[in-house]
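Shown below: work.tsv, with TSV, C-alpha atoms.
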```tsv
chain	number	residue	atom	x	y	z
A	12	MET	CA	82.97	152.84	34.33
A	13	PHE	CA	86.10	150.72	34.09
A	14	SER	CA	87.78	147.39	33.38
A	15	SER	CA	91.18	145.71	33.69
A	16	LEU	CA	93.22	142.56	33.94
A	17	ARG	CA	96.42	141.21	35.36
A	18	SER	CA	99.21	139.31	33.76
A	19	GLY	CA	102.54	137.85	34.64
A	20	LEU	CA	104.05	139.51	37.67
A	21	VAL	CA	102.18	142.76	37.71
A	22	PRO	CA	98.56	143.72	37.12
A	23	LEU	CA	97.73	145.19	33.75
A	24	THR	CA	94.77	147.48	33.39
A	25	LEU	CA	92.97	149.16	30.57
A	26	SER	CA	89.98	151.25	31.42
A	27	PHE	CA	88.49	154.65	31.17
A	28	LEU	CA	85.81	156.86	32.58
A	29	CYS	CA	84.26	160.21	32.09
A	30	ALA	CA	84.00	163.53	33.80
A	31	CYS	CA	80.24	163.28	33.64
A	32	GLY	CA	79.93	162.04	37.20
A	33	ALA	CA	81.35	158.60	36.58
A	34	ASP	CA	84.04	156.72	38.41
A	35	SER	CA	87.11	155.53	36.57
A	36	GLY	CA	89.65	152.91	37.09
A	37	ASP	CA	90.72	149.49	35.96
A	38	SER	CA	89.06	146.27	36.64
A	39	GLU	CA	90.63	142.92	36.32
A	40	ARG	CA	88.09	141.19	34.21
A	41	GLY	CA	87.15	141.76	30.56
A	42	VAL	CA	83.45	141.60	29.87
A	43	GLY	CA	82.76	139.18	27.07
A	44	SER	CA	79.87	138.53	24.83
A	45	GLY	CA	77.70	136.15	26.76
A	46	GLY	CA	79.77	136.85	29.85
A	47	THR	CA	82.66	134.60	28.81
A	48	THR	CA	86.37	135.22	29.09
A	49	VAL	CA	89.17	134.07	26.84
A	50	VAL	CA	92.37	133.23	28.67
A	51	VAL	CA	95.77	133.55	27.12
A	52	GLY	CA	98.92	132.82	28.99
A	53	GLY	CA	101.83	130.65	29.80
A	54	SER	CA	104.93	131.13	31.85
A	55	GLY	CA	107.45	133.88	31.40
A	56	THR	CA	110.95	133.47	32.76
A	57	GLY	CA	112.44	136.30	34.71
A	58	THR	CA	115.97	137.55	34.40
A	59	GLY	CA	117.39	137.45	37.89
A	60	GLY	CA	113.87	136.82	39.16
A	61	SER	CA	111.27	134.12	39.26
A	62	ALA	CA	109.10	132.85	36.48
A	63	GLY	CA	106.07	134.90	35.60
A	64	SER	CA	102.63	133.65	36.52
A	65	GLN	CA	99.97	132.76	34.03
A	66	GLY	CA	99.14	135.43	31.50
A	67	ALA	CA	96.01	137.46	31.95
A	68	ALA	CA	92.63	137.11	30.36
A	69	GLY	CA	92.04	138.57	26.93
A	70	ALA	CA	89.24	141.08	26.54
A	71	LEU	CA	86.05	140.19	24.82
A	72	ALA	CA	83.12	141.83	23.18
A	73	GLY	CA	81.32	144.36	25.29
A	74	SER	CA	77.59	144.42	25.82
A	75	PRO	CA	75.77	147.63	24.85
A	76	GLY	CA	77.29	150.39	26.91
A	77	THR	CA	80.64	148.60	27.23
A	78	VAL	CA	83.27	148.65	24.52
A	79	GLY	CA	84.99	145.38	23.69
A	80	VAL	CA	88.77	145.52	23.30
A	81	ALA	CA	90.80	143.39	20.98
A	82	GLY	CA	92.92	140.85	22.79
A	83	ARG	CA	96.04	139.29	21.33
A	84	SER	CA	94.08	136.04	21.34
A	85	ALA	CA	90.56	137.44	21.51
A	86	ALA	CA	88.54	139.15	18.84
A	87	ALA	CA	87.62	142.78	19.08
A	88	GLY	CA	84.29	143.38	20.73
A	89	SER	CA	81.31	144.74	18.92
A	90	GLY	CA	79.73	146.56	21.81
A	91	ALA	CA	78.57	150.07	21.28
A	92	LEU	CA	80.56	153.01	22.51
A	93	PRO	CA	79.24	153.76	26.00
A	94	PRO	CA	77.89	157.16	26.88
A	95	PRO	CA	80.20	159.47	28.81
A	96	GLY	CA	81.33	157.53	31.83
A	97	GLY	CA	81.31	154.16	30.07
A	98	ALA	CA	84.42	152.04	30.11
A	99	ALA	CA	86.43	149.96	27.69
A	100	GLY	CA	87.08	146.28	28.09
A	101	ALA	CA	90.46	145.09	29.26
A	102	LEU	CA	93.41	144.26	27.05
A	103	PRO	CA	95.66	141.24	27.41
A	104	PRO	CA	99.39	141.54	28.05
A	105	PRO	CA	101.70	141.69	25.05
A	106	ASN	CA	103.32	138.39	26.01
A	107	PRO	CA	101.94	135.23	27.65
A	108	GLY	CA	103.79	135.87	30.87
A	109	ALA	CA	105.67	138.83	32.27
A	110	ALA	CA	109.28	138.54	33.26
A	111	GLY	CA	110.60	138.56	36.78
A	112	SER	CA	112.58	141.58	37.71
A	113	GLY	CA	115.02	140.27	40.27
A	114	GLY	CA	118.62	141.23	40.48
A	115	ARG	CA	121.06	142.46	43.04
A	116	GLY	CA	119.80	144.88	45.59
A	117	PRO	CA	121.59	148.03	46.67
A	118	VAL	CA	124.55	147.79	48.99
A	119	GLY	CA	123.52	148.13	52.60
A	120	THR	CA	124.76	150.82	54.95
A	121	PRO	CA	127.83	149.61	56.88
A	122	ALA	CA	127.37	148.91	60.55
A	123	ALA	CA	129.97	150.11	62.98
A	124	GLY	CA	133.14	148.09	62.67
A	125	ALA	CA	131.88	145.80	59.92
A	126	PRO	CA	131.06	146.09	56.22
A	127	ALA	CA	127.48	145.65	55.17
A	128	ALA	CA	126.53	142.68	53.06
A	129	ALA	CA	125.92	143.27	49.38
A	130	GLY	CA	122.30	143.12	48.30
A	131	ALA	CA	120.87	144.38	51.60
A	132	ALA	CA	117.53	146.09	51.06
A	133	ALA	CA	116.98	149.69	52.00
A	134	PRO	CA	114.67	150.25	54.99
A	135	PRO	CA	111.03	150.71	53.99
A	136	VAL	CA	109.79	154.24	53.51
A	137	THR	CA	107.26	155.20	56.19
A	138	ASP	CA	106.56	158.75	55.03
A	139	PRO	CA	105.46	159.42	51.43
A	140	SER	CA	107.58	162.58	51.44
A	141	ASN	CA	110.65	160.33	51.71
A	142	CYS	CA	109.92	158.44	48.49
A	143	PRO	CA	112.70	158.72	45.91
A	144	ALA	CA	112.64	161.98	44.03
A	145	PRO	CA	110.94	161.72	40.63
A	146	ASP	CA	112.87	162.16	37.42
A	147	PRO	CA	113.59	165.89	37.04
A	148	MET	CA	112.18	165.67	33.51
A	149	ALA	CA	108.76	164.54	34.80
A	150	THR	CA	105.94	167.01	34.21
A	151	PRO	CA	104.25	168.66	37.20
A	152	GLU	CA	101.04	166.77	36.41
A	153	SER	CA	102.86	163.45	36.35
A	154	VAL	CA	104.51	164.23	39.68
A	155	THR	CA	101.13	165.16	41.19
A	156	ALA	CA	99.71	161.78	40.13
A	157	LEU	CA	102.80	160.00	41.46
A	158	ASN	CA	102.58	161.73	44.83
A	159	ALA	CA	98.87	160.92	45.10
A	160	ILE	CA	99.55	157.23	44.47
A	161	ASN	CA	102.42	157.03	46.95
A	162	ALA	CA	100.34	158.84	49.56
A	163	LEU	CA	98.10	155.76	49.46
A	164	ARG	CA	100.74	153.06	48.99
A	165	VAL	CA	103.18	154.02	51.72
A	166	PRO	CA	100.63	153.88	54.58
A	167	MET	CA	99.68	150.46	53.24
A	168	GLY	CA	103.26	149.37	53.95
A	169	GLU	CA	104.10	149.16	50.25
A	170	ALA	CA	107.08	150.41	48.34
A	171	CYS	CA	106.92	153.72	46.53
A	172	VAL	CA	106.33	153.64	42.80
A	173	ASN	CA	108.20	156.01	40.54
A	174	VAL	CA	107.37	157.80	37.33
A	175	ASN	CA	108.98	156.81	34.06
A	176	VAL	CA	109.09	159.86	31.80
A	177	VAL	CA	109.04	157.75	28.64
A	178	ILE	CA	105.90	155.90	29.76
A	179	ALA	CA	104.41	159.26	30.75
A	180	LYS	CA	105.23	160.54	27.28
A	181	ALA	CA	103.27	157.64	25.78
A	182	ALA	CA	100.34	158.35	28.11
A	183	LYS	CA	100.33	162.02	27.14
A	184	ALA	CA	100.47	161.12	23.45
A	185	HIS	CA	97.46	158.88	23.85
A	186	CYS	CA	95.45	161.69	25.46
A	187	ASP	CA	96.50	163.94	22.59
A	188	TYR	CA	95.20	161.29	20.17
A	189	TYR	CA	91.94	160.95	22.08
A	190	VAL	CA	91.30	164.70	22.21
A	191	ALA	CA	92.18	165.16	18.54
A	192	ASN	CA	89.76	162.47	17.36
A	193	ASN	CA	86.97	161.98	19.89
A	194	LYS	CA	84.69	164.66	18.43
A	195	ALA	CA	86.23	165.13	14.99
A	196	ASN	CA	86.25	161.42	14.11
A	197	PRO	CA	84.53	159.27	16.75
A	198	MET	CA	85.36	156.04	14.92
A	199	CYS	CA	88.99	156.64	15.87
A	200	THR	CA	88.06	156.48	19.57
A	201	SER	CA	85.25	153.91	19.51
A	202	ASN	CA	87.50	152.03	21.89
A	203	PRO	CA	89.31	154.67	23.95
A	204	HIS	CA	92.35	152.42	24.50
A	205	LEU	CA	92.93	151.38	20.92
A	206	GLU	CA	94.36	153.82	18.40
A	207	VAL	CA	93.54	153.43	14.73
A	208	MET	CA	96.29	153.77	12.16
A	209	GLY	CA	95.64	156.73	9.90
A	210	CYS	CA	93.84	158.75	12.56
A	211	THR	CA	95.32	162.04	13.74
A	212	SER	CA	98.22	161.70	16.23
A	213	PHE	CA	98.37	157.89	15.94
A	214	THR	CA	101.36	156.42	17.81
A	215	GLY	CA	100.41	152.75	18.28
A	216	VAL	CA	97.40	150.48	18.55
A	217	TYR	CA	98.01	149.13	22.06
A	218	PRO	CA	99.49	150.84	25.12
A	219	TRP	CA	102.67	148.76	24.88
A	220	ASP	CA	102.98	149.73	21.22
A	221	ARG	CA	102.75	153.38	22.20
A	222	MET	CA	105.30	152.94	24.98
A	223	LYS	CA	107.69	151.36	22.47
A	224	ALA	CA	107.09	154.20	20.02
A	225	ALA	CA	107.94	156.67	22.79
A	226	GLY	CA	111.25	154.90	23.39
A	227	PHE	CA	110.45	152.54	26.27
A	228	THR	CA	112.40	149.30	25.91
A	229	GLY	CA	110.94	147.32	28.79
A	230	GLN	CA	107.80	145.24	29.19
A	231	GLY	CA	104.80	147.48	28.54
A	232	GLY	CA	101.88	147.19	30.89
A	233	GLY	CA	98.28	148.32	31.07
A	234	GLU	CA	96.37	151.55	31.13
A	235	VAL	CA	93.57	153.46	32.85
A	236	MET	CA	91.82	156.61	31.68
A	237	TYR	CA	89.64	159.35	33.13
A	238	PHE	CA	88.28	162.50	31.55
A	239	VAL	CA	88.86	165.50	33.78
A	240	ALA	CA	92.53	166.39	33.15
A	241	ASP	CA	93.12	166.37	36.89
A	242	PRO	CA	95.78	163.92	38.17
A	243	ALA	CA	94.81	164.05	41.85
A	244	LYS	CA	91.09	163.56	41.18
A	245	SER	CA	91.85	160.75	38.75
A	246	VAL	CA	93.93	158.84	41.29
A	247	ALA	CA	91.27	159.32	43.98
A	248	THR	CA	88.55	158.08	41.65
A	249	TRP	CA	90.54	155.04	40.50
A	250	ALA	CA	91.21	154.22	44.14
A	251	ASN	CA	87.50	154.15	45.02
A	252	SER	CA	86.64	151.15	42.85
A	253	VAL	CA	86.80	147.38	42.75
A	254	GLY	CA	88.89	146.86	39.65
A	255	HIS	CA	90.55	150.14	38.89
A	256	ARG	CA	92.56	150.34	42.07
A	257	VAL	CA	94.15	146.91	41.68
A	258	SER	CA	97.16	147.75	39.52
A	259	MET	CA	97.74	151.15	41.05
A	260	LEU	CA	97.90	149.81	44.61
A	261	ASP	CA	99.23	146.32	43.97
A	262	PRO	CA	102.41	145.71	46.02
A	263	SER	CA	104.29	144.48	42.94
A	264	THR	CA	103.66	147.59	40.83
A	265	THR	CA	106.82	149.69	40.52
A	266	THR	CA	106.52	152.06	37.55
A	267	VAL	CA	103.81	154.38	36.25
A	268	GLY	CA	103.46	157.20	33.76
A	269	TYR	CA	100.70	159.80	33.75
A	270	GLY	CA	99.81	162.13	30.91
A	271	SER	CA	96.90	164.45	30.22
A	272	ALA	CA	95.35	166.73	27.63
A	273	MET	CA	92.16	168.74	27.53
A	274	GLY	CA	89.59	166.65	29.41
A	275	CYS	CA	91.66	163.46	29.30
A	276	ASP	CA	93.81	161.57	31.82
A	277	THR	CA	95.82	158.45	30.98
A	278	MET	CA	98.00	156.38	33.29
A	279	ASP	CA	100.12	153.60	31.86
A	280	PHE	CA	101.90	150.94	33.90
A	281	GLY	CA	105.37	149.60	33.31
A	282	PRO	CA	106.80	146.27	34.44
A	283	GLY	CA	106.51	145.29	38.07
A	284	GLY	CA	108.49	143.17	40.47
A	285	ARG	CA	107.88	139.60	41.53
A	286	PRO	CA	105.08	139.43	44.11
A	287	ASN	CA	106.37	138.93	47.63
A	288	THR	CA	104.54	135.91	49.02
A	289	MET	CA	104.98	137.25	52.57
A	290	THR	CA	103.31	140.59	51.87
A	291	VAL	CA	99.83	141.38	53.18
A	292	ALA	CA	98.51	144.86	52.42
A	293	VAL	CA	95.03	146.29	52.74
A	294	TYR	CA	93.10	149.24	51.38
A	295	PRO	CA	91.72	151.27	53.01
A	296	TYR	CA	94.81	151.10	55.13
A	297	ASP	CA	94.91	150.94	58.93
A	298	GLY	CA	94.06	154.33	60.42
A	299	GLN	CA	92.96	155.85	57.13
A	300	THR	CA	90.61	158.80	57.46
A	301	ASN	CA	88.22	160.63	55.15
A	302	LEU	CA	87.34	157.46	53.25
A	303	PRO	CA	84.48	157.83	50.75
A	304	THR	CA	81.21	156.47	52.10
A	305	THR	CA	79.86	155.11	48.81
A	306	PHE	CA	80.85	153.30	45.64
A	307	ALA	CA	78.77	153.44	42.46
A	308	GLY	CA	79.61	150.01	41.11
A	309	ASN	CA	77.11	150.37	38.29
A	310	ARG	CA	79.58	152.85	36.78
A	311	GLU	CA	82.35	150.27	36.68
A	312	SER	CA	82.76	148.04	33.66
A	313	PRO	CA	82.66	145.16	33.93
A	314	MET	CA	80.30	145.87	36.80
A	315	PRO	CA	81.18	143.99	39.99
A	316	PRO	CA	78.47	141.87	41.61
A	317	THR	CA	75.53	144.01	42.65
A	318	PRO	CA	74.85	143.98	46.40
A	319	PRO	CA	71.41	142.70	47.46
A	320	THR	CA	70.27	146.25	48.16
A	321	GLY	CA	71.52	147.59	44.82
A	322	TRP	CA	73.97	150.39	44.11
A	323	PRO	CA	75.56	152.39	45.59
A	324	SER	CA	77.39	150.20	48.06
A	325	ALA	CA	80.03	151.21	50.55
A	326	SER	CA	83.57	151.97	49.41
A	327	PRO	CA	85.35	148.67	48.62
A	328	ILE	CA	87.92	147.01	50.86
A	329	THR	CA	90.81	145.04	49.33
A	330	ILE	CA	93.16	142.48	50.86
A	331	TYR	CA	96.35	142.09	48.82
A	332	ALA	CA	97.85	138.67	49.65
A	333	VAL	CA	99.19	136.08	47.24
A	334	LYS	CA	96.87	133.06	46.98
A	335	ALA	CA	94.65	134.40	49.74
A	336	MET	CA	92.03	132.02	51.14
A	337	ILE	CA	90.00	134.07	53.59
A	338	THR	CA	87.70	132.08	55.87
A	339	GLU	CA	86.52	134.93	58.11
A	340	HIS	CA	85.69	138.47	57.02
A	341	THR	CA	83.86	140.88	59.28
A	342	LEU	CA	83.06	144.59	59.06
A	343	MET	CA	81.54	146.49	61.97
A	344	VAL	CA	81.33	149.94	63.48
A	345	ASP	CA	84.28	150.22	65.83
A	346	GLY	CA	83.25	149.61	69.42
A	347	THR	CA	80.29	147.41	68.45
A	348	THR	CA	79.95	143.69	67.84
A	349	THR	CA	77.22	143.71	65.19
A	350	PRO	CA	78.54	142.58	61.80
A	351	ILE	CA	77.59	144.71	58.81
A	352	GLU	CA	76.16	142.79	55.88
A	353	HIS	CA	78.54	142.91	52.95
A	354	THR	CA	79.32	141.41	49.57
A	355	TRP	CA	82.46	139.24	49.44
A	356	LEU	CA	84.42	138.63	46.25
A	357	ASP	CA	87.02	135.87	45.95
A	358	PRO	CA	87.56	132.78	43.76
A	359	THR	CA	85.02	130.77	45.80
A	360	SER	CA	82.32	133.42	46.10
A	361	PRO	CA	79.02	132.30	44.53
A	362	VAL	CA	78.25	135.87	43.42
A	363	VAL	CA	81.39	136.00	41.26
A	364	ALA	CA	81.05	134.63	37.74
A	365	MET	CA	83.22	131.58	37.08
A	366	ALA	CA	85.08	133.43	34.33
A	367	ASP	CA	86.01	136.19	36.76
A	368	ARG	CA	87.06	134.22	39.83
A	369	ALA	CA	90.77	133.87	39.06
A	370	GLY	CA	91.05	137.65	39.09
A	371	TYR	CA	90.44	137.69	42.85
A	372	THR	CA	93.10	135.10	43.75
A	373	ASN	CA	95.59	137.63	45.13
A	374	ASN	CA	93.20	140.46	45.97
A	375	PRO	CA	89.81	139.53	47.43
A	376	PHE	CA	87.33	142.36	47.96
A	377	MET	CA	84.45	143.18	50.23
A	378	TYR	CA	82.00	146.07	50.34
A	379	ALA	CA	79.13	146.77	52.70
A	380	ASN	CA	75.83	146.38	50.88
A	381	LYS	CA	74.77	149.88	51.86
A	382	PRO	CA	76.79	153.12	52.01
A	383	LEU	CA	78.76	153.73	55.17
A	384	THR	CA	77.85	156.43	57.67
A	385	PRO	CA	79.83	159.68	57.34
A	386	ASN	CA	82.46	160.52	59.95
A	387	THR	CA	82.33	157.04	61.49
A	388	LYS	CA	85.11	154.66	62.50
A	389	TYR	CA	84.87	151.08	61.24
A	390	ARG	CA	86.77	147.91	62.11
A	391	VAL	CA	87.65	145.07	59.73
A	392	LYS	CA	88.74	141.56	60.68
A	393	VAL	CA	89.95	138.93	58.22
A	394	SER	CA	91.60	135.57	58.78
A	395	GLY	CA	92.57	132.55	56.72
A	396	THR	CA	95.69	131.53	54.84
A	397	TYR	CA	97.86	132.84	52.01
A	398	ALA	CA	101.10	131.90	50.29
A	399	GLY	CA	103.06	133.13	53.31
A	400	GLY	CA	101.18	130.98	55.84
A	401	MET	CA	98.41	131.90	58.27
A	402	LEU	CA	96.71	135.25	57.76
A	403	SER	CA	95.05	137.23	60.53
A	404	LYS	CA	94.57	140.97	60.27
A	405	GLU	CA	92.43	143.54	62.06
A	406	TRP	CA	92.39	147.25	61.33
A	407	THR	CA	90.26	150.38	61.37
A	408	PHE	CA	89.43	153.26	59.07
A	409	THR	CA	87.22	156.33	59.34
A	410	THR	CA	84.86	157.75	56.76
A	411	GLY	CA	84.67	161.39	55.69
A	412	VAL	CA	81.68	163.64	55.10
A	413	GLY	CA	80.36	161.47	52.27
A	414	ASN	CA	80.37	161.26	48.48
A	415	PRO	CA	76.81	160.89	47.19
A	416	ARG	CA	77.87	160.26	43.57
A	417	GLY	CA	80.14	157.37	44.59
A	418	ASP	CA	83.29	158.84	43.03
```

In structure tokens, how does this file's structure come out?
Amino acid sequence: MFSSLRSGLVPLTLSFLCACGADSGDSERGVGSGGTTVVVGGSGTGTGGSAGSQGAAGALAGSPGTVGVAGRSAAAGSGALPPPGGAAGALPPPNPGAAGSGGRGPVGTPAAGAPAAAGAAAPPVTDPSNCPAPDPMATPESVTALNAINALRVPMGEACVNVNVVIAKAAKAHCDYYVANNKANPMCTSNPHLEVMGCTSFTGVYPWDRMKAAGFTGQGGGEVMYFVADPAKSVATWANSVGHRVSMLDPSTTTVGYGSAMGCDTMDFGPGGRPNTMTVAVYPYDGQTNLPTTFAGNRESPMPPTPPTGWPSASPITIYAVKAMITEHTLMVDGTTTPIEHTWLDPTSPVVAMADRAGYTNNPFMYANKPLTPNTKYRVKVSGTYAGGMLSKEWTFTTGVGNPRGD
């Protein structure tokens, strides 16, 4: 199960899941007592960049099976610790709005006979193997997680993210805390994302506190957790979700840090760049193969809207586009013209709770109501508008052999 939120210029996520057959990832919406959401926010001013967008929602009390997380402007939840596979509620950002991260770009490569203009952007990477080399101090596990993320981002047409070893240090320290206390003193881990002062291996209450304690001086972000101590499996599981994939695959995310300990995976997110209003990215990406056939949304916390046929649904589809207003969305088996019934999530969708709608402004979702057929090619068509103008996109993906558990 999982939960998350977004703030400022980059999504922030705080969520966890378990090795007991559950998915993990980060959702964008905190589950509140009575289904409400407390919003904190404002505008943050970027240095060399644009102003940050409104701050993200604070987390609220979880219902039984979902842990509430203390928000900077929201009270800690009183929900019971979920069984293995349950998720924590989302945390708010440390500040009302995140800062822009503009600045001068790298100097372009000179053309023949003329100097290149300063600030010219490097050509986009089209092969994940050409992403910038990670910090030589990064652990092998952190590099594995990084490579798994970029293997998804680059085919989406997005920039590579890189690992920050200080953020990774904070993530590893949090797993050490979790492992040291989860069985010995469960009260210390009643909310997996919040550390309790006085408990063994305490480094900071919130993820951004722990990043600061590790030596990170920038804007701390959010966090996702899984409980298998396997970076590649964790990334794959976070990707096959509604909420957990958002931060990891958001075009504006730039920095991550992965750490693990016995049966624990933590990924923390650093500051991101200003969203490019001209960018449109989709997941699954065009031409993707071996996509999972199912998604167990009942393992995600807060749980996304249940399809009419119940869970599991098909693997979710995301459209990343700033201020997207999609008026047509169709899924079909490639080569056919029969639309597949699906659940659509955006700020106007009647199946999305009012408190949750803002979370879909820049990343609407859809998922077929029933699992997809293994080894089958599908076609998606969406059209409408977004901050960059008219939006019209059509692409295909192919499923793999299947994933009955939905992870």

Report the closest atom pair, with its distance in Å rounded to one decimal, for each residue of region 346-376 of chain A that has an atom no farther than 7 Å from region 308-318 of chain A; count only C-alpha atoms, sort by chain and then rising residue number, and write it as CSV.
```
residue,atom,partner,partner_atom,distance
A:Thr354,CA,A:Pro318,CA,6.1
A:Val362,CA,A:Pro316,CA,6.3
A:Val363,CA,A:Pro316,CA,6.6
```

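Of the listed residues A:Thr290, A:Thr264, A:Thr211, A:Asn380, the one whose atoms come nearest to Cys199 (chain A) is A:Thr211, with distances taken using only C-alpha atoms.
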
Leaving out region 277-280 of chain A and any residue of its chain fewer than 5 positions from it, which residues lie within 9 Å of it when counting only C-alpha atoms, given as JSON, numbers by chain?
-> {"A": [22, 23, 24, 25, 27, 156, 178, 179, 181, 182, 183, 185, 186, 218, 219, 222, 231, 232, 233, 234, 235, 236, 237, 238, 240, 258, 259, 264, 265, 266, 267, 268, 269, 270, 271, 272]}

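From CA of Thr137 (chain A) back to CA of Leu302 (chain A), the distance works out to 20.3 Å.
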
Spatial neighbours of Val391 (chain A), 8 Å, all atoms listed in the file, chain gap at least 4 places, as number ranges by chain = A: 340-343, 405-407

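You can rank A:Leu402, A:Ala364, A:Ile160, A:Val344 by their closest distance to Pro385 (chain A) using all atoms listed in the file, and at the top of that list sits A:Val344.
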
Starting from the sparse input, extend region 376-383 of chain A to all heavy atoms and give the output as a short mmCIF file (atom, residue, chain, number, x, y, z; two decimals), keeping the file's coordinate frame.
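As a result, result-v8.cif now contains:
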```
data_model
loop_
_atom_site.label_atom_id
_atom_site.label_comp_id
_atom_site.auth_asym_id
_atom_site.auth_seq_id
_atom_site.Cartn_x
_atom_site.Cartn_y
_atom_site.Cartn_z
N PHE A 376 87.99 141.10 47.63
CA PHE A 376 87.33 142.36 47.96
C PHE A 376 86.12 142.12 48.84
O PHE A 376 85.53 141.04 48.83
CB PHE A 376 86.82 143.04 46.68
CG PHE A 376 87.82 143.85 45.93
CD1 PHE A 376 88.72 143.26 45.07
CD2 PHE A 376 87.84 145.24 46.04
CE1 PHE A 376 89.63 144.00 44.35
CE2 PHE A 376 88.74 146.00 45.33
CZ PHE A 376 89.63 145.38 44.48
N MET A 377 85.72 143.16 49.55
CA MET A 377 84.45 143.18 50.23
C MET A 377 83.92 144.61 50.22
O MET A 377 84.69 145.57 50.19
CB MET A 377 84.59 142.67 51.67
CG MET A 377 85.50 143.50 52.56
SD MET A 377 85.86 142.72 54.17
CE MET A 377 84.27 142.82 54.98
N TYR A 378 82.60 144.75 50.18
CA TYR A 378 82.00 146.07 50.34
C TYR A 378 80.65 145.92 51.02
O TYR A 378 79.87 145.01 50.71
CB TYR A 378 81.86 146.83 49.01
CG TYR A 378 81.44 146.03 47.81
CD1 TYR A 378 80.11 145.81 47.50
CD2 TYR A 378 82.42 145.51 46.95
CE1 TYR A 378 79.73 145.09 46.37
CE2 TYR A 378 82.05 144.80 45.82
CZ TYR A 378 80.71 144.59 45.53
OH TYR A 378 80.35 143.88 44.41
N ALA A 379 80.41 146.78 52.01
CA ALA A 379 79.13 146.77 52.70
C ALA A 379 78.03 146.99 51.67
O ALA A 379 78.19 147.76 50.72
CB ALA A 379 79.09 147.85 53.77
N ASN A 380 76.91 146.31 51.86
CA ASN A 380 75.83 146.38 50.88
C ASN A 380 75.23 147.77 50.78
O ASN A 380 74.71 148.15 49.73
CB ASN A 380 74.75 145.37 51.23
CG ASN A 380 75.23 143.94 51.11
OD1 ASN A 380 76.19 143.65 50.37
ND2 ASN A 380 74.60 143.03 51.83
N LYS A 381 75.30 148.52 51.86
CA LYS A 381 74.77 149.88 51.86
C LYS A 381 75.89 150.87 52.15
O LYS A 381 76.91 150.51 52.76
CB LYS A 381 73.66 150.01 52.92
CG LYS A 381 72.45 149.13 52.67
CD LYS A 381 71.40 149.34 53.74
CE LYS A 381 70.17 148.48 53.48
NZ LYS A 381 69.13 148.68 54.53
N PRO A 382 75.75 152.12 51.73
CA PRO A 382 76.79 153.12 52.01
C PRO A 382 77.10 153.21 53.50
O PRO A 382 76.24 152.96 54.36
CB PRO A 382 76.16 154.41 51.49
CG PRO A 382 75.24 153.97 50.41
CD PRO A 382 74.66 152.66 50.90
N LEU A 383 78.33 153.55 53.79
CA LEU A 383 78.76 153.73 55.17
C LEU A 383 78.24 155.07 55.72
O LEU A 383 77.85 155.96 54.96
CB LEU A 383 80.29 153.69 55.26
CG LEU A 383 80.94 152.40 54.75
CD1 LEU A 383 82.46 152.53 54.80
CD2 LEU A 383 80.49 151.19 55.55
#
```
